[in-house]
Amino acid sequence: MKDFVKMSNLSLPEPLNLIGGEWKPAASGAEMDVISPIDGEVFARIADSDKADIDAAVAAARDAFEGGAWSELTAAERGRLMIRLSERILENAEDLAQLETRDNGKPITQARADMKVTARYFEYYGGAADKVHGEVIPFQRGYNVEMHREPHGVTGHIIPWNYPAQMFGRSVAPALAMGNATVLKPAEDACMTALAIARMACDLGFPPGAINIVTGRGEVAGQALADHPGIDFISFTGSPEVGQIIQQSAARNFIGCTLELGGKSPQIVFDDADLGAALPVLVNAVIQNGGQTCSAGTRVLIQRGIFDEVCGLLKAQFEGVSAEASDHDDAKLGPLISAKQKSRVETYIDEADAPLMARGRIKDGAPENGFYVAPAIFGPCDPKSKIAQEEVFGPVLSIIPFDDEKDAISIANGTEYGLVAAIWTRDGGRQQRVAKAMRCGQVFINGYGAGGGVELPFGGVRKSGHGREKGFAALHEFSTIKTIVNNHG
């Protein structure tokens, strides 16, 4: 990490929380190590915070929202601050990307793309801040009825480790645009870029308390934030198991929440698909970010008439993929986030209830203590098998044959999740029929993913959660409706 510090315009974030515009150590003085997935070495430390720090952050946010400088800004002024932050992120994009790669382990090319998307969140929501309008509702004679959209107040944000910078933008930016004051608890496994971007926000003049960041363990600081009676809304991205706990906490405090909880997303390849266009996307959708993406396309459904052909193409592609140190410009697959995650994914591979079709490798020279896992394809898989049903969160692909359109729809919808799906076919009628039949939040036709998709509402159904992030839908989530009825006679 010393090399990063030497070449960077950024200083390595210190083990401090941002509370009320000031950088403070945990009230207990506790700290914890930050380990790089690339080589398993400690390269930084963060504050190991607890309830006392969350209490202070929520109080600071409340002060900012109720009478503080943040509450006095107009929507246009909030937007201008956010757009300046977007510009600052782009100015420091390379240094932030280097920090993200060291902290998270993702390939540097992916980290660079993430910084552009993070900047876009603040640009998009900065531009939208003064464009969320109310309505006038026709009513009885003698009345004027207005519907206003207003901020919740203090919003809590618990984000995961797989896209630290992006998730900061995705969760916090729409809340700020609506005028909420925010408290963010980033994942302890990767939070360096969130802290670095928050420092930029302070330098640009964001009022004290608008953005508060408290680092620490999920079961301590995260739980304290979820349980806190002083927050008015909470946004969580993570596992379904923790999502249940978050929702229970929200229910006890009678507040709303958005939950994005993962998926087992299908890509359906019909026999008329453009395989040349589909193949690289099928592979990238599962190896991007080491497969540690909620919307990863981890199931490929292939029509039987082309099953052997597509399997052969996928096998050749996967056997050529190597997990390697992610700071190389040509790296496609880096390490997983932690030793724990590596062990979890390897257990799924070792205990898979389907034939192993192909396996990539770990590249010679990859740091011995890094958290590398060679990618794997299994198939043909029973649609009900564990490897085809459960979210592995690693570079593992399940291949499933299907007979016809009806069979494909049944298999695609046949898990507890419902986040994203893709349909590969040239048949326009089939595109529409199958897209409408998918039980999920997003459907891509002849493609997968959208370069961040900041403008596109995103979220799931069933075990993938509820509520929507991205696009104007997120602004609606981070606001509440007030109806004003004026009897003017």
# chains A, B, ... in the order shown; residues from 1 in each chain; ligands from 1
>>> residues_around(residues="A:Asn162", least_positions_apart="3", cutoff="8 Å", atoms="only C-alpha atoms", output="list in words")
Asn104, Ala190, Asn289, Gln292, Thr293 and Ile337 of chain A
>>> write_last_selection(atoms="C-alpha atoms", output="PDB file, in the first residue's frame")
ATOM      1  CA  ASN A 104     -11.828  -4.674  -2.587  1.00  0.00           C
ATOM      2  CA  ALA A 190     -14.159  -2.524   2.074  1.00  0.00           C
ATOM      3  CA  ASN A 289     -16.228  -8.484  -9.824  1.00  0.00           C
ATOM      4  CA  GLN A 292     -19.643 -10.974  -6.275  1.00  0.00           C
ATOM      5  CA  THR A 293     -22.528  -9.056  -7.801  1.00  0.00           C
ATOM      6  CA  ILE A 337     -13.133 -10.208  -0.849  1.00  0.00           C
TER       7      ILE A 337
END
>>> residues_around(residues="A:Ala285", least_positions_apart="5", cutoff="9 Å", atoms="only C-alpha atoms", output="list of chain:residue names")
A:Pro280, A:Gly291, A:Thr293, A:Ser295, A:Ala296, A:Gly297, A:Thr298, A:Tyr448, A:Gly449
>>> closest_residue(among="A:Ala75, A:Val396, A:Leu314, A:Val172", to="A:Asp130", atoms="only C-alpha atoms")
A:Ala75
>>> closest_atom_pairs(of="stretch 216-330 of chain A", to="stretch 15-30 of chain A", cutoff="12 Å", atoms="only C-alpha atoms", output="CSV")
residue,atom,partner,partner_atom,distance
A:Gly216,CA,A:Ala26,CA,9.0
A:Arg217,CA,A:Ala30,CA,11.4
A:Ala221,CA,A:Ala26,CA,10.7
>>> write_last_selection(atoms="N, CA and C atoms", output="JSON list (two decimals), in the first residue's frame")
[["chain", "number", "residue", "atom", "x", "y", "z"],
["A", 216, "GLY", "N", -17.37, 0.10, 11.09],
["A", 216, "GLY", "CA", -17.40, -0.90, 12.15],
["A", 216, "GLY", "C", -18.07, -2.18, 11.68],
["A", 217, "ARG", "N", -18.27, -3.07, 12.61],
["A", 217, "ARG", "CA", -18.81, -4.39, 12.29],
["A", 217, "ARG", "C", -20.33, -4.32, 12.08],
["A", 221, "ALA", "N", -22.17, -1.97, 14.83],
["A", 221, "ALA", "CA", -22.54, -0.64, 14.33],
["A", 221, "ALA", "C", -23.73, -0.72, 13.38]]
>>> residues_around(residues="A:Thr415", least_positions_apart="2", cutoff="7 Å", atoms="only C-alpha atoms", output="PyMOL selection string")
chain A and resi 389+413+417
>>> write_last_selection(atoms="all heavy atoms", output="tab-separated table (two decimals), in the first residue's frame")
chain	number	residue	atom	x	y	z
A	389	GLN	N	-29.78	-23.19	-7.46
A	389	GLN	CA	-30.81	-22.51	-6.68
A	389	GLN	C	-30.23	-21.45	-5.73
A	389	GLN	O	-30.88	-20.42	-5.49
A	389	GLN	CB	-31.61	-23.52	-5.85
A	389	GLN	CG	-32.58	-24.34	-6.66
A	389	GLN	CD	-33.82	-23.57	-7.05
A	389	GLN	OE1	-34.39	-22.83	-6.25
A	389	GLN	NE2	-34.25	-23.73	-8.29
A	413	ASN	N	-38.11	-18.67	-13.57
A	413	ASN	CA	-38.83	-18.18	-12.39
A	413	ASN	C	-38.79	-19.15	-11.22
A	413	ASN	O	-39.38	-18.87	-10.18
A	413	ASN	CB	-40.30	-17.91	-12.76
A	413	ASN	CG	-40.46	-16.68	-13.64
A	413	ASN	OD1	-39.65	-15.76	-13.60
A	413	ASN	ND2	-41.53	-16.66	-14.43
A	417	TYR	N	-35.52	-16.19	-5.74
A	417	TYR	CA	-35.09	-14.83	-6.06
A	417	TYR	C	-35.85	-14.25	-7.25
A	417	TYR	O	-36.56	-14.96	-7.96
A	417	TYR	CB	-33.59	-14.83	-6.38
A	417	TYR	CG	-32.71	-15.21	-5.22
A	417	TYR	CD1	-32.24	-16.52	-5.07
A	417	TYR	CD2	-32.35	-14.27	-4.27
A	417	TYR	CE1	-31.42	-16.88	-4.01
A	417	TYR	CE2	-31.53	-14.62	-3.20
A	417	TYR	CZ	-31.07	-15.92	-3.08
A	417	TYR	OH	-30.26	-16.25	-2.02
>>> atom_distance(atom1="atom CA of A:Arg439", atom2="atom CA of A:Ala421")
8.8 Å
>>> closest_residue(among="A:Phe307, A:Phe206, A:Phe254, A:Phe458", to="A:Gly379", atoms="only C-alpha atoms")
A:Phe307
>>> residues_around(residues="A:Val132", least_positions_apart="2", cutoff="8 Å", atoms="only C-alpha atoms", output="PyMOL selection string")
chain A and resi 128-130+134+149+475
>>> closest_residue(among="A:Lys436, A:His466, A:Lys315, A:Lys332", to="A:Leu356", atoms="only C-alpha atoms")
A:Lys315
>>> select_by_dssp(residues="stretch 279-485 of chain A", states="strand (DSSP E)", output="number ranges by chain")
A: 299-303, 322-323, 356-359, 361-362, 376-378, 396-402, 420-424, 442-445, 465-466, 479-485
>>> closest_residue(among="A:Leu73, A:Leu90, A:Leu282, A:Leu204", to="A:Ile268", atoms="only C-alpha atoms")
A:Leu282
>>> atom_distance(atom1="atom CA of A:Thr118", atom2="atom CA of A:Phe472")
16.4 Å
>>> select_by_dssp(residues="stretch 170-404 of chain A", states="alpha helix (DSSP H)", output="ChimeraX atom specification")
/A:170-177,192-203,223-227,240-252,275-287,307-319,339-350,386-389
